[in-house]
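K.L.:
Quick one, my_file.pdb (PDB, C-alpha atoms and all ligand atoms):
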ATOM      1  CA  MET R   1      29.634  65.043  63.223  1.00  0.00           C
ATOM      2  CA  SER R   2      29.592  63.451  59.791  1.00  0.00           C
ATOM      3  CA  GLU R   3      26.219  62.299  58.507  1.00  0.00           C
ATOM      4  CA  GLU R   4      27.856  60.306  55.771  1.00  0.00           C
ATOM      5  CA  PHE R   5      29.473  57.601  57.905  1.00  0.00           C
ATOM      6  CA  GLN R   6      28.577  55.662  61.044  1.00  0.00           C
ATOM      7  CA  ILE R   7      31.165  54.557  63.564  1.00  0.00           C
ATOM      8  CA  GLY R   8      31.627  50.776  63.463  1.00  0.00           C
ATOM      9  CA  GLU R   9      30.363  50.427  59.890  1.00  0.00           C
ATOM     10  CA  TYR R  10      32.571  49.453  56.935  1.00  0.00           C
ATOM     11  CA  TYR R  11      32.966  51.576  53.781  1.00  0.00           C
ATOM     12  CA  TRP R  12      34.858  51.294  50.507  1.00  0.00           C
ATOM     13  CA  ARG R  13      37.404  54.068  50.784  1.00  0.00           C
ATOM     14  CA  PRO R  14      40.507  55.143  48.877  1.00  0.00           C
ATOM     15  CA  CYS R  15      43.583  53.772  50.614  1.00  0.00           C
ATOM     16  CA  ALA R  16      47.282  54.109  49.908  1.00  0.00           C
ATOM     17  CA  GLU R  17      48.589  50.593  49.350  1.00  0.00           C
ATOM     18  CA  ILE R  18      52.136  50.560  50.680  1.00  0.00           C
ATOM     19  CA  MET R  19      54.820  47.930  51.180  1.00  0.00           C
ATOM     20  CA  THR R  20      56.979  48.351  54.240  1.00  0.00           C
ATOM     21  CA  ILE R  21      60.767  48.419  53.985  1.00  0.00           C
ATOM     22  CA  PRO R  22      62.568  46.140  54.673  1.00  0.00           C
ATOM     23  CA  ASP R  23      60.060  43.418  55.580  1.00  0.00           C
ATOM     24  CA  GLY R  24      57.820  43.712  52.511  1.00  0.00           C
ATOM     25  CA  ARG R  25      54.421  43.669  54.225  1.00  0.00           C
ATOM     26  CA  ILE R  26      51.423  45.312  52.557  1.00  0.00           C
ATOM     27  CA  TYR R  27      49.262  47.833  54.416  1.00  0.00           C
ATOM     28  CA  TYR R  28      46.339  50.038  53.450  1.00  0.00           C
ATOM     29  CA  ILE R  29      46.203  53.598  54.756  1.00  0.00           C
ATOM     30  CA  PRO R  30      42.906  55.490  54.296  1.00  0.00           C
ATOM     31  CA  VAL R  31      43.590  58.764  52.479  1.00  0.00           C
ATOM     32  CA  PHE R  32      41.914  61.717  50.845  1.00  0.00           C
ATOM     33  CA  GLU R  33      42.358  60.973  47.175  1.00  0.00           C
ATOM     34  CA  HIS R  34      43.932  64.257  46.158  1.00  0.00           C
ATOM     35  CA  LEU R  35      47.625  64.178  45.320  1.00  0.00           C
ATOM     36  CA  HIS R  36      49.139  67.628  45.772  1.00  0.00           C
ATOM     37  CA  ALA R  37      52.126  69.600  47.027  1.00  0.00           C
ATOM     38  CA  ASP R  38      52.013  72.527  49.475  1.00  0.00           C
ATOM     39  CA  ARG R  39      54.836  74.746  48.262  1.00  0.00           C
ATOM     40  CA  GLN R  40      53.234  77.744  49.978  1.00  0.00           C
ATOM     41  CA  PHE R  41      54.254  76.289  53.324  1.00  0.00           C
ATOM     42  CA  ASP R  42      57.428  74.509  52.299  1.00  0.00           C
ATOM     43  CA  PHE R  43      56.103  71.078  51.487  1.00  0.00           C
ATOM     44  CA  PRO R  44      57.169  70.623  47.846  1.00  0.00           C
ATOM     45  CA  GLU R  45      56.784  66.819  47.691  1.00  0.00           C
ATOM     46  CA  GLU R  46      53.519  65.520  46.299  1.00  0.00           C
ATOM     47  CA  HIS R  47      51.512  63.733  48.973  1.00  0.00           C
ATOM     48  CA  TYR R  48      48.168  62.383  50.135  1.00  0.00           C
ATOM     49  CA  HIS R  49      46.632  63.286  53.487  1.00  0.00           C
ATOM     50  CA  ILE R  50      45.639  60.470  55.812  1.00  0.00           C
ATOM     51  CA  ASP R  51      41.930  60.073  56.553  1.00  0.00           C
ATOM     52  CA  GLY R  52      42.098  59.212  60.238  1.00  0.00           C
ATOM     53  CA  ARG R  53      38.354  58.615  60.466  1.00  0.00           C
ATOM     54  CA  PHE R  54      39.015  55.092  59.254  1.00  0.00           C
ATOM     55  CA  GLU R  55      40.791  52.184  60.852  1.00  0.00           C
ATOM     56  CA  MET R  56      44.358  51.199  60.100  1.00  0.00           C
ATOM     57  CA  GLU R  57      46.684  48.561  61.514  1.00  0.00           C
ATOM     58  CA  PRO R  58      48.313  49.456  64.858  1.00  0.00           C
ATOM     59  CA  ARG R  59      51.728  49.313  63.178  1.00  0.00           C
ATOM     60  CA  MET R  60      50.580  52.024  60.779  1.00  0.00           C
ATOM     61  CA  LYS R  61      49.069  54.103  63.591  1.00  0.00           C
ATOM     62  CA  GLN R  62      52.503  53.932  65.157  1.00  0.00           C
ATOM     63  CA  GLN R  63      54.339  54.707  61.931  1.00  0.00           C
ATOM     64  CA  PHE R  64      52.200  57.735  61.112  1.00  0.00           C
ATOM     65  CA  ASN R  65      51.659  58.726  64.751  1.00  0.00           C
ATOM     66  CA  CYS R  66      47.919  58.734  64.168  1.00  0.00           C
ATOM     67  CA  TRP R  67      46.108  57.528  67.289  1.00  0.00           C
ATOM     68  CA  ASP R  68      43.227  59.984  67.543  1.00  0.00           C
ATOM     69  CA  GLY R  69      42.511  60.662  63.872  1.00  0.00           C
ATOM     70  CA  TYR R  70      44.959  63.589  63.706  1.00  0.00           C
ATOM     71  CA  THR R  71      48.491  63.439  62.361  1.00  0.00           C
ATOM     72  CA  ALA R  72      51.232  65.651  60.959  1.00  0.00           C
ATOM     73  CA  ALA R  73      52.283  62.752  58.693  1.00  0.00           C
ATOM     74  CA  VAL R  74      51.263  62.366  55.065  1.00  0.00           C
ATOM     75  CA  ILE R  75      51.804  59.661  52.443  1.00  0.00           C
ATOM     76  CA  VAL R  76      54.594  60.692  50.065  1.00  0.00           C
ATOM     77  CA  PRO R  77      54.549  58.286  47.098  1.00  0.00           C
ATOM     78  CA  GLU R  78      57.891  59.319  45.625  1.00  0.00           C
ATOM     79  CA  SER R  79      60.250  59.616  48.536  1.00  0.00           C
ATOM     80  CA  SER R  80      59.785  57.520  51.634  1.00  0.00           C
ATOM     81  CA  SER R  81      62.571  55.368  53.017  1.00  0.00           C
ATOM     82  CA  ASN R  82      60.072  53.445  55.197  1.00  0.00           C
ATOM     83  CA  TYR R  83      57.767  52.117  52.495  1.00  0.00           C
ATOM     84  CA  SER R  84      57.184  51.755  48.785  1.00  0.00           C
ATOM     85  CA  PHE R  85      53.983  53.289  47.529  1.00  0.00           C
ATOM     86  CA  LEU R  86      52.156  50.811  45.283  1.00  0.00           C
ATOM     87  CA  SER R  87      48.778  52.330  44.401  1.00  0.00           C
ATOM     88  CA  ILE R  88      45.592  53.965  45.560  1.00  0.00           C
ATOM     89  CA  ALA R  89      43.166  51.098  46.060  1.00  0.00           C
ATOM     90  CA  LYS R  90      39.496  51.179  47.091  1.00  0.00           C
ATOM     91  CA  THR R  91      39.456  49.116  50.280  1.00  0.00           C
ATOM     92  CA  LYS R  92      36.759  48.214  52.809  1.00  0.00           C
ATOM     93  CA  VAL R  93      37.660  49.902  56.095  1.00  0.00           C
ATOM     94  CA  LYS R  94      35.869  50.506  59.376  1.00  0.00           C
ATOM     95  CA  CYS R  95      34.853  54.011  60.420  1.00  0.00           C
ATOM     96  CA  GLU R  96      36.419  54.700  63.826  1.00  0.00           C
ATOM     97  CA  ARG R  97      35.510  58.322  64.463  1.00  0.00           C
ATOM     98  CA  TYR R  98      33.907  61.374  62.871  1.00  0.00           C
ATOM     99  CA  ASP R  99      36.834  63.753  62.749  1.00  0.00           C
ATOM    100  CA  THR R 100      40.314  63.829  61.332  1.00  0.00           C
ATOM    101  CA  GLY R 101      42.829  66.428  60.277  1.00  0.00           C
ATOM    102  CA  LEU R 102      46.320  67.730  60.029  1.00  0.00           C
ATOM    103  CA  ARG R 103      48.137  68.145  63.338  1.00  0.00           C
ATOM    104  CA  VAL R 104      49.899  71.505  63.271  1.00  0.00           C
ATOM    105  CA  PRO R 105      52.179  71.862  66.312  1.00  0.00           C
ATOM    106  CA  GLU R 106      50.771  74.344  68.845  1.00  0.00           C
ATOM    107  CA  HIS R 107      54.220  75.023  70.253  1.00  0.00           C
ATOM    108  CA  PRO R 108      56.546  74.556  67.269  1.00  0.00           C
ATOM    109  CA  THR R 109      60.228  73.859  67.796  1.00  0.00           C
ATOM    110  CA  GLU R 110      62.776  76.228  66.319  1.00  0.00           C
ATOM    111  CA  LYS R 111      63.104  73.896  63.337  1.00  0.00           C
ATOM    112  CA  GLN R 112      59.337  73.702  62.776  1.00  0.00           C
ATOM    113  CA  LEU R 113      58.717  77.412  63.244  1.00  0.00           C
ATOM    114  CA  PRO R 114      59.452  78.716  59.689  1.00  0.00           C
ATOM    115  CA  LYS R 115      57.061  76.155  58.158  1.00  0.00           C
ATOM    116  CA  VAL R 116      54.374  76.831  60.766  1.00  0.00           C
ATOM    117  CA  GLU R 117      54.677  80.587  60.211  1.00  0.00           C
ATOM    118  CA  LYS R 118      54.298  80.098  56.461  1.00  0.00           C
ATOM    119  CA  TYR R 119      51.266  77.915  57.152  1.00  0.00           C
ATOM    120  CA  ARG R 120      49.744  80.638  59.356  1.00  0.00           C
ATOM    121  CA  ASP R 121      50.331  83.279  56.658  1.00  0.00           C
ATOM    122  CA  TRP R 122      48.771  81.009  54.074  1.00  0.00           C
ATOM    123  CA  TYR R 123      45.787  80.432  56.403  1.00  0.00           C
ATOM    124  CA  LYS R 124      45.297  84.197  56.837  1.00  0.00           C
ATOM    125  CA  SER R 125      45.097  84.646  53.053  1.00  0.00           C
ATOM    126  CA  TYR R 126      41.895  82.535  53.115  1.00  0.00           C
ATOM    127  CA  ILE R 127      40.066  84.384  55.900  1.00  0.00           C
ATOM    128  CA  GLY R 128      36.687  85.607  54.636  1.00  0.00           C
ATOM    129  CA  LYS R 129      36.557  83.211  51.667  1.00  0.00           C
ATOM    130  CA  LYS R 130      33.348  81.222  51.269  1.00  0.00           C
ATOM    131  CA  CYS R 131      32.926  77.460  51.514  1.00  0.00           C
ATOM    132  CA  GLU R 132      30.199  77.131  48.900  1.00  0.00           C
ATOM    133  CA  GLY R 133      28.304  73.876  49.357  1.00  0.00           C
ATOM    134  CA  LYS R 134      30.440  73.228  52.481  1.00  0.00           C
ATOM    135  CA  LEU R 135      33.401  72.586  50.181  1.00  0.00           C
ATOM    136  CA  CYS R 136      36.822  73.920  51.061  1.00  0.00           C
ATOM    137  CA  PRO R 137      37.875  76.982  49.021  1.00  0.00           C
ATOM    138  CA  HIS R 138      41.402  75.519  48.785  1.00  0.00           C
ATOM    139  CA  PHE R 139      40.910  72.226  46.903  1.00  0.00           C
ATOM    140  CA  GLY R 140      37.152  71.664  47.136  1.00  0.00           C
ATOM    141  CA  THR R 141      37.446  69.026  49.858  1.00  0.00           C
ATOM    142  CA  ALA R 142      34.223  68.246  51.766  1.00  0.00           C
ATOM    143  CA  MET R 143      34.527  69.998  55.103  1.00  0.00           C
ATOM    144  CA  LEU R 144      33.618  68.255  58.354  1.00  0.00           C
ATOM    145  CA  GLU R 145      31.478  69.654  61.153  1.00  0.00           C
ATOM    146  CA  LYS R 146      33.275  69.928  64.457  1.00  0.00           C
ATOM    147  CA  ASP R 147      32.250  71.821  67.595  1.00  0.00           C
ATOM    148  CA  GLY R 148      29.798  73.966  65.660  1.00  0.00           C
ATOM    149  CA  LEU R 149      32.343  74.855  62.947  1.00  0.00           C
ATOM    150  CA  LEU R 150      33.237  73.539  59.513  1.00  0.00           C
ATOM    151  CA  VAL R 151      36.806  72.265  59.365  1.00  0.00           C
ATOM    152  CA  CYS R 152      38.706  71.038  56.331  1.00  0.00           C
ATOM    153  CA  PRO R 153      40.350  67.683  57.044  1.00  0.00           C
ATOM    154  CA  MET R 154      43.314  68.464  54.762  1.00  0.00           C
ATOM    155  CA  HIS R 155      44.863  71.748  55.995  1.00  0.00           C
ATOM    156  CA  ASN R 156      42.396  72.818  58.685  1.00  0.00           C
ATOM    157  CA  LEU R 157      40.777  75.852  57.072  1.00  0.00           C
ATOM    158  CA  THR R 158      37.871  76.534  59.435  1.00  0.00           C
ATOM    159  CA  ALA R 159      34.580  78.228  58.638  1.00  0.00           C
ATOM    160  CA  ASP R 160      31.558  79.556  60.482  1.00  0.00           C
ATOM    161  CA  LEU R 161      28.685  77.134  59.999  1.00  0.00           C
ATOM    162  CA  GLN R 162      26.154  79.916  59.340  1.00  0.00           C
ATOM    163  CA  THR R 163      28.077  82.341  57.102  1.00  0.00           C
ATOM    164  CA  LEU R 164      30.269  79.597  55.550  1.00  0.00           C
ATOM    165  CA  GLU R 165      33.189  82.054  55.670  1.00  0.00           C
ATOM    166  CA  ILE R 166      36.701  81.083  56.721  1.00  0.00           C
ATOM    167  CA  ILE R 167      37.398  82.519  60.154  1.00  0.00           C
ATOM    168  CA  ASN R 168      40.517  83.291  62.143  1.00  0.00           C
ATOM    169  CA  THR R 169      40.961  80.491  64.674  1.00  0.00           C
TER     170      THR R 169
HETATM  171  S1  LIG J 201      42.033  71.399  50.955  1.00  0.00           S
HETATM  172 FE1  LIG J 201      43.529  72.570  51.952  1.00  0.00          FE
HETATM  173  S2  LIG J 201      42.484  73.393  53.638  1.00  0.00           S
HETATM  174 FE2  LIG J 201      40.965  72.382  52.539  1.00  0.00          FE
END
Take the structure in the file and write it out as structure tokens.
Ligand code: FES

P.N.:
Amino acid sequence: MSEEFQIGEYYWRPCAEIMTIPDGRIYYIPVFEHLHADRQFDFPEEHYHIDGRFEMEPRMKQQFNCWDGYTAAVIVPESSSNYSFLSIAKTKVKCERYDTGLRVPEHPTEKQLPKVEKYRDWYKSYIGKKCEGKLCPHFGTAMLEKDGLLVCPMHNLTADLQTLEIINT
């Protein structure tokens, strides 16, 4: 559980300001403000991860398939046919839940499998690394406590709460 936020309260958070195509409506999607690419698991486009702890419009929950705080979708500023990315804007949004993260398919399809395997190999390369200050050894993201573990909300590196070392999940 996060100590930083309370469910039902509003916070100024970084949001991707996007304009939908073709109807030109503006929406704000809470994100982790760290633009990056994940070439190591075949995601070369720069993107932001969605912070599903915070509320977004139902249309956006639908668009990004993010109903429980977890999603495989990310915001890709340069190459989406569904929206134009306008900016990252601090926006007041309601906290809906304490956890969020990347949804990696448990039973990948044949098409998803090569990416998922690369992800798993990448994950293994982090096992045993320390999360000093409860920060992720990948990009320094603040990790979240979940079920007695520390989990990174960006790419799910998971650590033991006592040793702060990344573990095999
Ligand atoms: S930032 Fe990538 S797993 Fe933490």

K.L.:
Which residue is closest to ligand LIG 201 (chain J)? Choose from R:Val76, R:Cys136, R:Cys66, R:Leu161 and count only C-alpha atoms and all ligand atoms.

P.N.:
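Checking each candidate against ligand LIG 201 (chain J), we get R:Cys136 as the closest.
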
K.L.:
Given the point (42.2, 53.9, 50.3) in the coordinates of this file, which residues lie within 12 Å, counting only C-alpha atoms, and how would they look as JSON, numbers by chain?

P.N.:
{"R": [11, 12, 13, 14, 15, 16, 17, 18, 27, 28, 29, 30, 31, 32, 33, 34, 48, 49, 50, 51, 52, 53, 54, 55, 56, 75, 86, 87, 88, 89, 90, 91, 92, 93, 94]}

K.L.:
Kindly indicate which residue among R:Glu165, R:Pro44, R:Ile26, R:Cys95 lies nearest to R:Gln6, using all atoms listed in the file for the distances.

P.N.:
R:Cys95

K.L.:
For stretch 97-111 of chain R, list every protein, DNA or RNA residue within 7 Å, evaluated using only C-alpha atoms, and leave out those in the same chain fewer than 2 positions away; present the list as a compact mmCIF listing (two decimals) with C-alpha atoms, in the frame of the given file.

P.N.:
# COMPACT_ATOMS: atom_id res chain seq x y z
CA MET R 1 29.63 65.04 63.22
CA SER R 2 29.59 63.45 59.79
CA ILE R 7 31.16 54.56 63.56
CA ASP R 51 41.93 60.07 56.55
CA GLY R 52 42.10 59.21 60.24
CA ARG R 53 38.35 58.62 60.47
CA GLY R 69 42.51 60.66 63.87
CA TYR R 70 44.96 63.59 63.71
CA THR R 71 48.49 63.44 62.36
CA ALA R 72 51.23 65.65 60.96
CA CYS R 95 34.85 54.01 60.42
CA LEU R 113 58.72 77.41 63.24
CA PRO R 153 40.35 67.68 57.04
CA MET R 154 43.31 68.46 54.76
CA HIS R 155 44.86 71.75 56.00
CA ASN R 156 42.40 72.82 58.68

K.L.:
Please expand the PyMOL selection byres (((not hetatm)) within 9 of (chain J and resi 201)) into the concrete residues it hits in this file, giving the result as a PyMOL selection string.

P.N.:
chain R and resi 34+38+123+135-143+151-158

K.L.:
Considering all atoms listed in the file, state which residue in the set R:Tyr119, R:Trp67, R:Tyr83, R:Tyr10 is at the smallest distance from R:Gln40.

P.N.:
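The shortest atom-to-atom distance to R:Gln40 comes from R:Tyr119.
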
K.L.:
From the list R:Ile21, R:Ala159, R:Val116, R:Leu149, which residue is nearest R:Phe85 when using all atoms listed in the file?

P.N.:
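Looking only at the distances to R:Phe85, the closest residue turns out to be R:Ile21.
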
K.L.:
I'd like to see the residues matched by the PyMOL selection byres (((chain R and resi 81) around 10) and not hetatm) on this file, and ideally I'd get them as a PyMOL selection string.

P.N.:
chain R and resi 20-22+78-80+82-84

K.L.:
Rounded to one decimal place, report the atom CA of R:Glu145-atom CA of R:Ala37 distance in Å.

P.N.:
25.0 Å

K.L.:
Kindly provide, as lines of an AutoDock Vina configuration file, the centre and edge lengths (Å, one decimal) of an axis-aligned box around all atoms of stretch 33-52 of chain R given in the file, with 3 Å on each side.

P.N.:
center_x = 49.7
center_y = 68.5
center_z = 52.8
size_x = 21.5
size_y = 24.5
size_z = 20.9

K.L.:
Using only C-alpha atoms, pick whichever of R:Asp42, R:Glu132, R:Asp160, R:Glu96 has the shortest atom-to-atom distance to R:Glu9.

P.N.:
R:Glu96

K.L.:
When you draw a straight line from atom CA of R:Thr169 to atom CA of R:Lys124, how long is it in Å?

P.N.:
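Those two atoms sit 9.7 Å apart.
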
K.L.:
Could you check the closest approach to R:Ile166 for each of R:Phe5, R:Tyr126, R:Phe64, R:Phe41 and tell me which residue wins, using all atoms listed in the file?

P.N.:
R:Tyr126

K.L.:
Between atom CA of R:Val74 and atom CA of R:Pro114, what is the spacing in Å?

P.N.:
18.9 Å
